[in-house]
Amino acid sequence: MNDPANPPGSSGPPPGLDANLAVALHALLAEQVYKRQLQDPLLVRAGQSMVPTPRAQALREEAAAVVRSLGALLTPGTGVDPATLRTTFTVQAADLIGAALSPGLLELARREAPGVSLRFRAEDLEGGPALRDGRIDLEAGAIGHVDPETKVEELVTLRMAAAVRPGHPLAEKPLT
């Protein structure tokens with residue numbers, strides 16, 4: 001069947017062509033290694049075509065199962081079901097941020113992930129190495145330097161304010 005997207009002589013592969021098949025074909029054709037490893041030619045000539053041997057037919061379903069298992073292993077999962085988790089997550093945050101976030105996080109964990117415990121710790125470890133080493137699972141706060149392997153998401157932008165009594169020396173110049 002002619003494919004208008006890839007006319008004869010074009011350099012692009014036909015749609016749906018699995019390039020891994022070329023690897024398998026190469027392995028089958030290279031010095032007929034399969035004959036030595038399986039003690040069977042797998043395919044034999046029958047007139048103008050090749051047909052699978054009984055050994056090849058016996059291997060077909062098992063090989064398909066291995067390929068499906070490998071595909072499932074290497075395919076990203078559909079995600080985690082929070083309701084099935086049984087673990088403790090360590091959250092590091094400054095006191096102000098921890099106080100603001102902890103009630104909502106605890107309620108969410110209770111409702112959506114009842115097997116999850118949250119451990120809050122003060123902001124005393126450097127976030128990047130502590131995340132990388134597994135000493136904390138989440139850093140909530142102002143993050144200046146981010147390592148390439150660290151995923152960062154902005155939750156909120158806070159505007160800070162300071163108040164002093166009238167006539168206080170700090171009110172004489174801009175605060176830094």
# chains A, B, ... in the order shown; residues from 1 in each chain; ligands from 1

$ closest_atom_pairs --of "range 41-94 of chain A" --to "range 133-146 of chain A" --cutoff "9 Å" --atoms "only C-alpha atoms" --output "CSV"
residue,atom,partner,partner_atom,distance
A:Phe89,CA,A:Asp137,CA,5.9
A:Thr90,CA,A:Ile136,CA,5.0
A:Val91,CA,A:Leu138,CA,4.8
A:Gln92,CA,A:Glu139,CA,4.9
A:Ala93,CA,A:Ala140,CA,4.9
A:Ala94,CA,A:Gly141,CA,6.5

$ select_by_dssp --residues "range 49-133 of chain A" --states "alpha helix (DSSP H)" --output "count of residues only"
46
